[in-house]
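Engineer: Okay, handing you the structure first.
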Amino acid sequence: MDTPHGADELARAIETSWQIVVTCLDHWTVEMLDHVFRRDAGGSVQWHTRQSVIMRLITHEAYHCGEISLMLGMHGLGPIDLWPPS
(Lines give C-alpha, C1' and ligand atoms only; values in the text may rest on other atoms or scores of the structure.)
Protein backbone atom coordinates (compact mmCIF):
# COMPACT_ATOMS: atom_id res chain seq x y z
CA MET A 1 0.00 0.00 0.00
CA ASP A 2 1.19 3.51 -0.75
CA THR A 3 1.78 6.01 2.01
CA PRO A 4 -1.61 7.29 3.26
CA HIS A 5 -2.48 10.85 2.35
CA GLY A 6 -2.30 13.46 5.08
CA ALA A 7 -5.28 15.49 6.28
CA ASP A 8 -4.11 18.62 4.43
CA GLU A 9 -3.78 16.71 1.16
CA LEU A 10 -7.23 15.11 1.52
CA ALA A 11 -8.85 18.45 2.38
CA ARG A 12 -7.18 20.09 -0.63
CA ALA A 13 -8.40 17.29 -2.94
CA ILE A 14 -12.00 17.65 -1.72
CA GLU A 15 -11.90 21.44 -2.00
CA THR A 16 -10.48 21.18 -5.52
CA SER A 17 -13.23 18.80 -6.62
CA TRP A 18 -15.96 21.05 -5.22
CA GLN A 19 -14.36 24.06 -6.91
CA ILE A 20 -14.70 22.26 -10.26
CA VAL A 21 -18.43 21.82 -9.62
CA VAL A 22 -18.83 25.46 -8.55
CA THR A 23 -16.94 26.73 -11.60
CA CYS A 24 -19.03 24.60 -13.97
CA LEU A 25 -22.29 25.73 -12.40
CA ASP A 26 -21.15 29.37 -12.52
CA HIS A 27 -20.50 29.14 -16.28
CA TRP A 28 -23.13 26.71 -17.56
CA THR A 29 -26.81 27.47 -18.04
CA VAL A 30 -29.51 24.91 -17.25
CA GLU A 31 -29.88 24.27 -20.98
CA MET A 32 -26.15 23.53 -21.28
CA LEU A 33 -26.40 20.68 -18.75
CA ASP A 34 -28.06 18.48 -21.40
CA HIS A 35 -25.12 18.87 -23.80
CA VAL A 36 -23.92 15.38 -24.80
CA PHE A 37 -20.29 14.63 -25.52
CA ARG A 38 -18.33 11.56 -26.49
CA ARG A 39 -15.61 9.90 -24.41
CA ASP A 40 -13.37 7.17 -25.77
CA ALA A 41 -12.41 4.93 -22.88
CA GLY A 42 -10.45 1.71 -23.19
CA GLY A 43 -11.62 0.96 -26.71
CA SER A 44 -15.28 1.71 -26.03
CA VAL A 45 -17.33 4.82 -26.64
CA GLN A 46 -19.23 6.44 -23.80
CA TRP A 47 -21.75 9.26 -24.11
CA HIS A 48 -22.19 11.67 -21.21
CA THR A 49 -24.04 14.87 -20.49
CA ARG A 50 -22.54 17.72 -18.52
CA GLN A 51 -25.14 17.03 -15.85
CA SER A 52 -24.10 13.38 -15.57
CA VAL A 53 -20.46 14.37 -15.11
CA ILE A 54 -21.31 16.83 -12.34
CA MET A 55 -23.54 14.26 -10.62
CA ARG A 56 -20.79 11.63 -10.87
CA LEU A 57 -18.28 14.00 -9.29
CA ILE A 58 -20.68 14.94 -6.48
CA THR A 59 -21.57 11.31 -5.66
CA HIS A 60 -17.92 10.24 -5.90
CA GLU A 61 -16.82 12.91 -3.44
CA ALA A 62 -19.77 12.24 -1.12
CA TYR A 63 -18.83 8.54 -1.05
CA HIS A 64 -15.25 9.32 -0.02
CA CYS A 65 -16.39 11.92 2.53
CA GLY A 66 -18.60 9.20 4.01
CA GLU A 67 -15.58 6.91 4.29
CA ILE A 68 -13.57 9.64 6.00
CA SER A 69 -16.47 10.47 8.33
CA LEU A 70 -16.73 6.80 9.32
CA MET A 71 -13.03 6.73 10.19
CA LEU A 72 -13.33 9.99 12.13
CA GLY A 73 -16.26 8.55 14.07
CA MET A 74 -14.23 5.46 14.94
CA HIS A 75 -11.83 7.83 16.68
CA GLY A 76 -14.53 9.82 18.47
CA LEU A 77 -14.44 12.76 16.06
CA GLY A 78 -17.32 14.44 14.24
CA PRO A 79 -18.15 13.82 10.58
CA ILE A 80 -17.32 16.00 7.59
CA ASP A 81 -20.14 18.47 6.91
CA LEU A 82 -20.28 18.97 3.16
CA TRP A 83 -22.98 21.64 3.43
CA PRO A 84 -22.30 23.61 6.61
CA PRO A 85 -24.64 26.49 7.40
CA SER A 86 -23.56 29.80 5.86
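Starting from 1 in every chain, residues are counted up; chains themselves are A, B, ... following the order of the C-alpha coordinates, and ligands are numbered from 1 as listed.
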Which residues of range 19-53 of chain A have any atom within 12 Å of an atom in range 60-63 of chain A when counting only C-alpha atoms, and what is the closest pair of atoms for each, with the distance in Å to one decimal? Order the rows by chain and rising number and write it as CSV.
Structural biologist:
residue,atom,partner,partner_atom,distance
A:Gln19,CA,A:Glu61,CA,11.9
A:Ile20,CA,A:Glu61,CA,11.8
A:Val21,CA,A:Glu61,CA,11.0
A:Ser52,CA,A:His60,CA,11.9
A:Val53,CA,A:His60,CA,10.4
Engineer: What are the DSSP alpha helix (DSSP H) residues of chain A, as a count of residues only?
Structural biologist: 46
Engineer: Taking 2 positions as the minimum chain separation for residues in the same chain, which residues sit within 10 Å of Trp18 in chain A when counting only C-alpha atoms? Answer as a ChimeraX atom specification.
Structural biologist: /A:12-16,20-24,54,57-58,61,82
Engineer: Please provide the set of residues having any atom within 8 Å of range 32-35 of chain A, restricted to only C-alpha atoms, with same-chain residues fewer than 6 positions apart removed, written as an MDAnalysis selection string.
Structural biologist: chainID A and resid 49:51
Engineer: Using the selection just defined, write its residues with N, CA, C and O atoms as a PDB file, in the first residue's frame.
Structural biologist:
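Saved to again.pdb:
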ATOM      1  N   THR A  49     -23.589  13.485 -20.487  1.00  0.00           N
ATOM      2  CA  THR A  49     -24.041  14.872 -20.490  1.00  0.00           C
ATOM      3  C   THR A  49     -23.218  15.617 -19.443  1.00  0.00           C
ATOM      4  O   THR A  49     -22.614  15.007 -18.552  1.00  0.00           O
ATOM      5  N   ARG A  50     -23.213  16.922 -19.541  1.00  0.00           N
ATOM      6  CA  ARG A  50     -22.539  17.715 -18.516  1.00  0.00           C
ATOM      7  C   ARG A  50     -23.147  17.436 -17.153  1.00  0.00           C
ATOM      8  O   ARG A  50     -22.445  17.332 -16.148  1.00  0.00           O
ATOM      9  N   GLN A  51     -24.468  17.313 -17.118  1.00  0.00           N
ATOM     10  CA  GLN A  51     -25.143  17.032 -15.851  1.00  0.00           C
ATOM     11  C   GLN A  51     -24.675  15.707 -15.270  1.00  0.00           C
ATOM     12  O   GLN A  51     -24.419  15.610 -14.066  1.00  0.00           O
TER      13      GLN A  51
END
Engineer: Taking the backbone alone, and naming residues the way the document does, which bits of chain A are strand (DSSP E) by DSSP, as a PyMOL selection string?
Structural biologist: chain A and resi 36-41+44-49
Engineer: So which one's closest to Thr59 in chain A, A:Ser86, A:Gly42, A:Ser17, A:Trp47? Using only C-alpha atoms, please.
Structural biologist: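 For Thr59 in chain A, the nearest of the given residues is A:Ser17.
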Engineer: Take CA of Arg38 in chain A and CA of Arg56 in chain A and report the distance between them in Å, one decimal.
Structural biologist: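 Answer for the CA of Arg38 in chain A to CA of Arg56 in chain A separation: 15.8 Å.
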Engineer: Please, what distance in Å, to one decimal, runs between CA of Ala11 in chain A and CA of Leu25 in chain A?
Structural biologist: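 Computing the Euclidean distance for CA of Ala11 in chain A and CA of Leu25 in chain A yields 21.3 Å.
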Engineer: For the atom pair CA of Gly6 in chain A and CA of Pro85 in chain A, what is the interatomic distance in Å to one decimal place?
Structural biologist: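 Value for the CA of Gly6 in chain A-CA of Pro85 in chain A distance: 26.0 Å.
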